[in-house]
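Structure below is run-v1.csv: CSV, C-alpha atoms.
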```
chain,number,residue,atom,x,y,z
A,516,MET,CA,0.0,0.0,0.0
A,517,SER,CA,1.6,3.4,-1.0
A,518,ALA,CA,2.3,6.0,1.6
A,519,GLU,CA,0.6,9.3,1.6
A,520,PRO,CA,3.1,12.0,0.8
A,521,PRO,CA,4.0,14.7,3.4
A,522,LEU,CA,2.2,18.0,3.5
A,523,VAL,CA,4.2,21.1,2.7
A,524,THR,CA,2.8,24.4,3.9
A,525,THR,CA,4.1,27.7,2.6
A,526,VAL,CA,3.4,31.1,3.9
A,527,VAL,CA,4.2,34.0,1.5
A,528,ASP,CA,4.1,37.5,2.8
A,529,SER,CA,2.1,40.1,0.9
A,530,CYS,CA,5.3,41.9,-0.2
A,531,VAL,CA,6.2,39.0,-2.5
A,532,PRO,CA,4.2,39.5,-5.7
A,533,ILE,CA,3.0,36.0,-6.7
A,534,ASP,CA,-0.1,34.1,-7.7
A,535,ARG,CA,-0.8,31.9,-4.7
A,536,SER,CA,-3.1,29.4,-6.4
A,537,GLN,CA,-0.6,28.8,-9.1
A,538,LEU,CA,2.2,28.4,-6.5
A,539,ASP,CA,0.2,25.7,-4.8
A,540,ARG,CA,-0.3,23.9,-8.1
A,541,LEU,CA,3.3,24.1,-9.2
A,542,LEU,CA,4.7,23.0,-5.8
A,543,SER,CA,2.3,20.0,-5.7
A,544,ILE,CA,3.7,19.0,-9.1
A,545,GLU,CA,7.4,19.7,-8.4
A,546,LEU,CA,7.3,18.0,-5.0
A,547,GLY,CA,4.8,15.2,-5.7
A,548,THR,CA,2.9,16.1,-2.6
A,549,SER,CA,0.1,18.4,-1.4
A,550,ALA,CA,1.1,22.0,-0.9
A,551,ASP,CA,-1.0,24.8,0.6
A,552,THR,CA,-0.4,28.5,1.1
A,553,ALA,CA,-3.8,29.1,2.7
A,554,SER,CA,-3.8,26.6,5.5
A,555,SER,CA,-3.8,27.9,9.0
A,556,SER,CA,-2.0,24.7,10.2
A,557,THR,CA,1.7,24.0,9.7
A,558,GLY,CA,2.6,20.8,8.0
A,559,PRO,CA,5.7,18.6,8.6
A,560,THR,CA,7.7,20.8,6.2
A,561,HIS,CA,7.0,24.5,6.5
A,562,VAL,CA,8.4,27.4,4.4
A,563,HIS,CA,8.0,31.0,5.2
A,564,VAL,CA,8.7,33.4,2.3
A,565,ARG,CA,9.3,37.0,3.4
A,566,CYS,CA,11.0,40.2,2.4
A,567,VAL,CA,14.2,41.1,4.2
A,568,PRO,CA,16.7,43.9,3.5
A,569,ALA,CA,19.0,41.5,1.5
A,570,GLY,CA,16.1,40.2,-0.7
A,571,ILE,CA,13.5,37.5,-0.6
A,572,GLU,CA,14.1,35.0,2.3
A,573,LEU,CA,13.1,31.4,2.3
A,574,ASN,CA,12.9,30.2,6.0
A,575,LEU,CA,12.4,26.4,6.1
A,576,GLN,CA,11.4,24.5,9.3
A,577,ASP,CA,11.4,20.8,8.5
A,578,ALA,CA,10.0,18.4,11.0
A,579,LEU,CA,11.1,15.5,8.8
A,580,THR,CA,14.8,16.3,9.1
A,581,ARG,CA,14.2,18.1,12.4
A,582,LYS,CA,16.1,21.2,11.5
A,583,GLY,CA,15.8,24.6,9.9
A,584,MET,CA,17.4,26.4,6.9
A,585,VAL,CA,17.4,29.9,5.5
A,586,ARG,CA,18.1,31.0,2.0
A,587,VAL,CA,18.0,34.6,0.5
A,588,LEU,CA,17.1,35.2,-3.1
A,589,SER,CA,17.7,38.3,-5.2
A,590,ARG,CA,14.7,40.7,-5.1
A,591,ASP,CA,15.2,41.7,-8.7
A,592,SER,CA,14.0,38.2,-9.9
A,593,PHE,CA,10.5,38.7,-8.2
A,594,ARG,CA,9.0,41.9,-9.4
A,595,ASP,CA,5.5,40.7,-10.4
A,596,ALA,CA,3.3,37.6,-10.5
A,597,SER,CA,5.1,36.3,-13.6
A,598,SER,CA,7.8,35.2,-11.2
A,599,THR,CA,5.5,32.6,-9.6
A,600,ARG,CA,7.1,29.7,-11.5
A,601,LEU,CA,10.6,30.8,-10.5
A,602,LEU,CA,9.6,31.0,-6.9
A,603,ALA,CA,8.0,27.6,-7.0
A,604,LEU,CA,11.2,26.0,-8.4
A,605,ALA,CA,13.3,27.8,-5.8
A,606,ILE,CA,11.1,26.5,-2.9
A,607,ALA,CA,11.0,23.0,-4.3
A,608,GLU,CA,14.8,22.8,-4.7
A,609,PHE,CA,15.2,24.2,-1.1
A,610,VAL,CA,12.8,21.6,0.3
A,611,VAL,CA,14.3,18.7,-1.6
A,612,ALA,CA,17.8,19.8,-0.5
A,613,SER,CA,16.5,19.4,3.1
A,614,TRP,CA,14.9,16.0,2.4
A,615,VAL,CA,18.1,14.7,0.8
A,616,GLU,CA,19.7,14.5,4.2
A,617,LEU,CA,17.2,11.8,5.1
A,618,ARG,CA,19.3,9.5,2.8
A,619,LEU,CA,22.6,10.2,4.5
A,620,PRO,CA,24.1,7.6,6.9
A,621,GLN,CA,22.9,8.1,10.4
A,622,LYS,CA,26.4,8.7,11.7
A,623,VAL,CA,26.9,11.9,9.7
A,624,GLN,CA,23.5,13.4,10.2
A,625,PRO,CA,23.3,16.5,12.5
A,626,VAL,CA,21.9,16.0,16.0
A,627,PRO,CA,18.1,16.2,15.5
A,628,VAL,CA,15.8,18.4,17.5
A,629,GLY,CA,12.0,18.0,18.1
A,630,PRO,CA,9.9,14.9,17.9
A,631,PRO,CA,10.6,12.3,15.2
A,632,PRO,CA,8.5,12.4,12.0
A,633,SER,CA,6.0,9.8,11.1
A,634,PRO,CA,7.2,6.8,9.1
A,635,VAL,CA,4.7,7.6,6.3
A,636,ALA,CA,6.0,11.2,5.9
A,637,ARG,CA,9.6,10.2,6.1
A,638,GLN,CA,9.2,7.5,3.4
A,639,ALA,CA,7.5,9.9,1.0
A,640,ALA,CA,10.2,12.6,1.5
A,641,GLU,CA,13.0,10.0,1.0
A,642,THR,CA,11.4,8.8,-2.2
A,643,LYS,CA,11.2,12.3,-3.6
A,644,ALA,CA,14.7,13.1,-2.6
A,645,ALA,CA,16.0,9.9,-4.3
A,646,GLU,CA,14.2,10.9,-7.5
A,647,ARG,CA,15.7,14.3,-7.6
A,648,VAL,CA,19.2,12.9,-6.9
A,649,ARG,CA,18.9,10.4,-9.7
A,650,ALA,CA,17.7,13.1,-12.1
A,651,GLY,CA,20.6,15.4,-11.2
A,652,ALA,CA,18.4,18.4,-12.1
A,653,PRO,CA,15.2,20.1,-11.2
A,654,ALA,CA,12.0,18.4,-12.2
A,655,GLN,CA,10.6,19.3,-15.6
A,656,ASP,CA,7.7,21.8,-15.9
A,657,GLU,CA,4.3,20.3,-15.7
A,658,ASP,CA,2.1,19.5,-18.8
A,659,ARG,CA,0.2,22.6,-19.9
A,660,THR,CA,-2.5,23.0,-22.5
A,661,GLN,CA,-3.4,26.3,-24.1
A,662,ILE,CA,-6.3,27.2,-26.3
A,663,GLY,CA,-6.4,30.4,-28.4
A,664,VAL,CA,-8.5,32.3,-30.9
A,665,SER,CA,-7.2,34.7,-33.5
A,666,GLY,CA,-8.2,36.9,-36.4
A,667,GLN,CA,-6.3,36.1,-39.5
A,668,LEU,CA,-5.1,37.5,-42.8
A,669,GLN,CA,-4.4,34.8,-45.4
A,670,ALA,CA,-2.4,35.7,-48.6
A,671,TRP,CA,-1.5,33.3,-51.4
A,672,SER,CA,1.0,34.1,-54.1
A,673,GLU,CA,-1.3,32.9,-56.9
A,674,GLN,CA,-4.4,34.5,-55.4
A,675,GLU,CA,-5.4,38.1,-56.5
A,676,GLY,CA,-6.2,39.3,-53.0
A,677,PRO,CA,-6.0,38.3,-49.3
A,678,MET,CA,-8.7,36.5,-47.4
A,679,LEU,CA,-9.9,37.3,-43.9
A,680,GLY,CA,-10.5,34.4,-41.5
A,681,VAL,CA,-10.4,33.1,-37.9
A,682,GLY,CA,-8.2,30.5,-36.3
A,683,VAL,CA,-8.5,28.2,-33.3
A,684,ARG,CA,-5.3,26.7,-31.9
A,685,PHE,CA,-4.5,24.2,-29.2
A,686,VAL,CA,-1.0,24.2,-27.9
A,687,HIS,CA,0.3,21.4,-25.6
A,688,VAL,CA,3.5,21.9,-23.7
A,689,PRO,CA,4.7,18.6,-22.3
A,690,LEU,CA,8.2,20.1,-21.5
A,691,SER,CA,9.3,23.7,-21.2
A,692,SER,CA,11.3,23.5,-24.4
A,693,ILE,CA,8.9,21.4,-26.5
A,694,ALA,CA,5.3,22.0,-27.7
A,695,PHE,CA,2.8,20.6,-30.2
A,696,SER,CA,0.1,22.5,-32.0
A,697,ILE,CA,-3.3,21.5,-33.5
A,698,GLY,CA,-5.1,24.2,-35.3
A,699,GLY,CA,-8.3,24.9,-37.2
A,700,ASP,CA,-8.6,27.8,-39.7
A,701,PHE,CA,-11.6,29.2,-41.5
A,702,ALA,CA,-11.7,32.0,-44.1
A,703,ALA,CA,-14.1,33.4,-46.7
A,704,ASP,CA,-14.1,35.8,-49.6
A,705,GLN,CA,-16.5,37.0,-52.4
A,706,VAL,CA,-15.2,37.4,-55.9
A,707,GLU,CA,-17.3,39.7,-58.2
A,708,HIS,CA,-17.7,39.0,-62.0
A,709,ALA,CA,-19.6,40.5,-64.8
A,710,LEU,CA,-22.1,37.6,-64.8
A,711,GLY,CA,-22.4,37.2,-61.0
A,712,TYR,CA,-20.2,36.5,-58.0
A,713,VAL,CA,-18.5,33.6,-56.4
A,714,VAL,CA,-18.5,32.9,-52.6
A,715,VAL,CA,-15.3,31.2,-51.5
A,716,ARG,CA,-15.0,29.4,-48.2
A,717,THR,CA,-12.0,27.5,-46.9
A,718,GLY,CA,-11.6,25.4,-43.8
A,719,SER,CA,-8.5,23.4,-42.7
A,720,VAL,CA,-6.7,21.6,-39.9
A,721,SER,CA,-3.0,21.7,-39.1
A,722,ILE,CA,-0.5,20.1,-36.9
A,723,ALA,CA,3.0,21.3,-35.9
A,724,ALA,CA,5.9,20.3,-33.7
A,725,LEU,CA,7.5,23.3,-32.1
A,726,GLY,CA,10.6,24.2,-30.1
A,727,ARG,CA,9.8,26.6,-27.3
A,728,LEU,CA,11.9,29.3,-25.6
A,729,GLU,CA,10.5,30.9,-22.4
A,730,LEU,CA,11.4,34.6,-21.9
A,731,PRO,CA,9.1,35.6,-19.0
A,732,PRO,CA,6.6,37.1,-19.3
A,733,ALA,CA,6.9,36.0,-23.0
A,734,ALA,CA,7.5,32.8,-24.9
A,735,VAL,CA,8.6,32.1,-28.5
A,736,LEU,CA,7.6,28.9,-30.4
A,737,THR,CA,8.7,27.8,-33.8
A,738,GLY,CA,8.7,24.7,-35.9
A,739,PRO,CA,7.4,22.8,-39.0
A,740,GLY,CA,3.9,21.6,-39.7
A,741,ALA,CA,1.4,20.4,-42.3
A,742,ARG,CA,-2.1,21.6,-43.3
A,743,LEU,CA,-5.0,19.9,-45.0
A,744,GLY,CA,-8.2,21.7,-46.0
A,745,ILE,CA,-11.3,22.0,-48.1
A,746,VAL,CA,-12.2,24.8,-50.5
A,747,GLN,CA,-15.9,25.4,-51.3
A,748,LEU,CA,-17.0,27.5,-54.2
A,749,ALA,CA,-20.6,28.7,-54.7
A,750,GLY,CA,-21.3,30.7,-57.9
A,751,ASN,CA,-24.4,33.0,-58.1
A,752,ALA,CA,-25.5,34.5,-61.3
A,753,TYR,CA,-27.0,38.0,-61.6
A,754,ASP,CA,-29.1,36.8,-64.5
A,755,PRO,CA,-30.2,33.2,-64.2
A,756,MET,CA,-31.2,33.1,-67.8
A,757,SER,CA,-27.7,33.8,-69.0
A,758,THR,CA,-25.8,31.4,-66.8
A,759,ASP,CA,-26.4,28.8,-64.1
A,760,ASP,CA,-25.5,28.9,-60.4
A,761,PHE,CA,-22.9,26.3,-59.4
A,762,ALA,CA,-21.2,24.8,-56.3
A,763,SER,CA,-18.1,22.7,-56.0
A,764,GLU,CA,-15.6,21.5,-53.4
A,765,ALA,CA,-11.9,20.5,-53.6
A,766,THR,CA,-9.1,19.5,-51.2
A,767,TYR,CA,-5.9,21.5,-50.7
A,768,GLY,CA,-2.8,21.0,-48.5
A,769,GLY,CA,0.7,22.0,-47.9
A,770,LEU,CA,3.7,22.2,-45.6
A,771,PHE,CA,4.6,25.3,-43.5
A,772,TRP,CA,6.9,26.8,-40.9
A,773,LEU,CA,5.1,28.4,-37.9
A,774,GLY,CA,6.5,31.1,-35.7
A,775,ARG,CA,4.5,32.1,-32.6
A,776,GLY,CA,5.0,34.7,-30.0
A,777,GLU,CA,3.2,34.9,-26.7
A,778,VAL,CA,3.1,37.7,-24.1
A,779,TYR,CA,1.3,37.0,-20.9
A,780,VAL,CA,-0.8,40.0,-19.8
A,781,ILE,CA,-1.9,38.1,-16.7
A,782,ASP,CA,-0.9,34.7,-15.3
A,783,ASP,CA,-2.8,32.4,-17.6
A,784,LEU,CA,-3.9,34.8,-20.4
A,785,ALA,CA,-1.6,35.7,-23.3
A,786,LEU,CA,-1.6,37.9,-26.4
A,787,THR,CA,-0.5,35.8,-29.4
A,788,LEU,CA,1.0,36.5,-32.8
A,789,ASP,CA,1.2,33.7,-35.3
A,790,LEU,CA,3.2,33.9,-38.6
A,791,GLU,CA,2.8,30.9,-40.9
A,792,LEU,CA,4.8,30.6,-44.1
A,793,GLY,CA,4.0,27.6,-46.3
A,794,ALA,CA,4.2,26.0,-49.7
A,795,VAL,CA,1.1,24.3,-51.3
A,796,THR,CA,1.7,20.7,-52.3
A,797,LEU,CA,-2.0,20.0,-53.2
A,798,PRO,CA,-3.3,23.1,-55.1
A,799,VAL,CA,-6.8,24.2,-55.9
A,800,LYS,CA,-7.9,26.5,-58.7
A,801,GLY,CA,-11.5,27.6,-59.3
A,802,LEU,CA,-12.2,29.4,-62.6
A,803,VAL,CA,-15.0,31.5,-64.0
A,804,PRO,CA,-14.9,33.1,-67.5
A,805,GLU,CA,-11.7,35.2,-68.0
A,806,ARG,CA,-10.5,35.1,-64.3
A,807,ALA,CA,-9.7,32.8,-61.4
A,808,ALA,CA,-12.2,32.9,-58.6
A,809,ILE,CA,-9.7,31.1,-56.3
A,810,ALA,CA,-6.1,30.0,-56.6
A,811,ILE,CA,-4.7,28.3,-53.6
A,812,ASP,CA,-1.3,27.6,-55.0
A,813,GLY,CA,2.3,28.6,-54.7
A,814,VAL,CA,3.4,30.2,-51.4
A,815,TRP,CA,1.1,31.3,-48.6
A,816,LEU,CA,1.5,33.6,-45.6
A,817,THR,CA,-0.9,33.7,-42.7
A,818,VAL,CA,-0.8,36.3,-40.0
A,819,GLY,CA,-2.9,35.8,-36.9
A,820,LEU,CA,-3.4,38.1,-33.9
A,821,GLY,CA,-5.4,36.8,-30.9
A,822,LEU,CA,-5.7,35.7,-27.3
A,823,ALA,CA,-4.9,32.4,-25.6
A,824,ILE,CA,-5.7,31.0,-22.2
A,825,GLU,CA,-4.2,28.1,-20.3
A,826,LEU,CA,-6.6,25.3,-19.4
```

Could you render the structure as C-alpha cells?
Amino acid sequence: MSAEPPLVTTVVDSCVPIDRSQLDRLLSIELGTSADTASSSTGPTHVHVRCVPAGIELNLQDALTRKGMVRVLSRDSFRDASSTRLLALAIAEFVVASWVELRLPQKVQPVPVGPPPSPVARQAAETKAAERVRAGAPAQDEDRTQIGVSGQLQAWSEQEGPMLGVGVRFVHVPLSSIAFSIGGDFAADQVEHALGYVVVRTGSVSIAALGRLELPPAAVLTGPGARLGIVQLAGNAYDPMSTDDFASEATYGGLFWLGRGEVYVIDDLALTLDLELGAVTLPVKGLVPERAAIAIDGVWLTVGLGLAIEL
C-alpha cells in the first residue's frame, strides 16, 4: 500500500508578488505532494517566504529532518506575478535539499531536535529526494495545454487578394522546451464577376511540432507543420437566364513553418502573434470566365493576432 506524501505548507508575505493558487499547483507537481499557502495549520515541512533587506528570504522549518534552513534570493527576480514559477522552483529545490539529508548515513546526520517524523511522511520525502538525486536536475515543468482564438489575414502568391478568417489553436507543452500545436482555420471571400459573384470558403486543420523558448513574461515557439483543408465555391448568377449557379468543393494541402510569440498579460492569459509561411503541395484553382475565382497555389503567408488561455 503506497504511503501518503507529506504535506508542505508555505506562507508567503504580501510583499512578495506571486499568484498563490498557481504556487500551490506548481509546488504540488514539483514535490509530488500536497502544498498549501492558505492553510492555518503547519505541515511537517513549512516554508515562510518573506521580504528582508537583503532580498527574498526562504525560511524552512522541517519536522522530517528536524532542522531549519534559511536562503535569501535576489529581489530583482521577483518583481511581479510572472515570477511565480521561478519561486515555486526555488522553494521545491530548497525543500528537496533538506529532504536529501534523510538519505545520509545516520552517523553523519546532524543532531536532531524536536519529535521524530511519522514513518509515512519520512518514506515519501526520502522517495522524492531519491528521484531528484537520480535526475541530477530540477523536475521538468508540468504539462500545460493552451487554447487560443485569433483573427487572420491569409495571402496566397497565386491569389489576387488576401482572405480574412479566424483561427483556433490548441498548444500542448509537455516540457518547457517542446510543444505541439493543433489548429483549425476558416476563411471566406467573395469574388465579383460581370455575370455574377462567387463565394469562396476555406476550412483546414493543421498540426505542428515546435521548439519553445520561455522569456518571462513572454515565450517564442517555432517549428514545422502540415495543413489539409477544403475549398468550397458557390457561384451565383445576376441573370439566371444567361448562366447557371454552381457549387463545388476541392481539397488542398501543404507544408509550412510556424513562428509564434506569446506575451502573458496576466498569469494564464496571453496575447499571441502567429506567422505561418507555407508552400502548397495540393493546389486548388477555381475558374470563372476570364479570371480565377480562387487559386490556392504557390506560397502562402498567414498572420494571426489573438488571445490564448491556459486550461

Contacts of segment 527-541 of chain A at 8 Å (all atoms listed in the file; same-chain gap of 5+ positions) as an MDAnalysis selection string = chainID A and resid 550:552 563:566 571 593:600 602:603 657 782

Which protein, DNA or RNA residues have an atom at most 6 Å from (11.4, 22.5, -26.3), counting all atoms listed in the file? List them as JSON, numbers by chain.
-> {"A": [691, 692, 693, 726, 727]}

Just give me the residues with any atom within 7 Å of (1.7, 35.4, -33.7), file coordinates, counting all atoms listed in the file, written as number ranges by chain.
-> A: 774-776, 787-790, 818-820

What lies within 8 Å of Val585 of chain A using all atoms listed in the file, ignoring chain neighbours under 6 positions off, as a ChimeraX atom specification?
-> /A:572-575

Expressed in Å to a single decimal, how great is the separation between atom CA of Gly744 of chain A and atom CA of Leu816 of chain A?
->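 Between atom CA of Gly744 of chain A and atom CA of Leu816 of chain A the gap works out to 15.4 Å.
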
Please, what distance in Å, to one decimal, runs between atom CA of Val714 of chain A and atom CA of Val683 of chain A?
-> 22.2 Å

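Near Glu791 of chain A, within 6 Å and counting only C-alpha atoms, sit Trp772, Leu773, Leu816 and Thr817 of chain A; same-chain residues fewer than 5 positions away were not included.
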
Counting only C-alpha atoms, what is within 9 Å of Val610 of chain A, bar same-chain residues fewer than 2 positions away, as a PyMOL selection string?
-> chain A and resi 523+546+560-562+575+577+605-608+612-615

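Considering only C-alpha atoms, the residue among A:Gln705, A:Arg684, A:Leu736, A:Val746 positioned nearest to Ile722 of chain A is A:Arg684.
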
For atom CA of Leu770 of chain A and atom CA of Gln661 of chain A, determine how far apart the two atoms are, in Å to one decimal place.
-> 23.0 Å

Which neighbours of Ala724 of chain A fall inside 7 Å, counting only C-alpha atoms, when residues of the same chain fewer than 3 positions from it are skipped, and could you give them as a ChimeraX atom specification?
-> /A:694-696,738-740

Tell me which of A:Glu825, A:Thr524, A:Ser665, A:Ile745 sits closest to Val688 of chain A, counting all atoms listed in the file.
->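 Ranked by minimum distance to Val688 of chain A, first place goes to A:Glu825.
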
Which residue of A:Asp591, A:Glu545, A:Asp700, A:Asp812 approaches Gln667 of chain A most closely, using all atoms listed in the file =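 Going through A:Asp591, A:Glu545, A:Asp700, A:Asp812 one by one, the smallest distance to Gln667 of chain A is for A:Asp700.
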
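Each of A:Leu728, A:Val814, A:Leu748, A:Leu579 was compared to Gly769 of chain A using only C-alpha atoms, and A:Val814 turns out to be the nearest.
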
Nearest candidate to Val686 of chain A (options A:Gly663, A:Gly711, A:Pro798, A:Gly699; using all atoms listed in the file) =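 Closest to Val686 of chain A, using all atoms listed in the file: A:Gly663.
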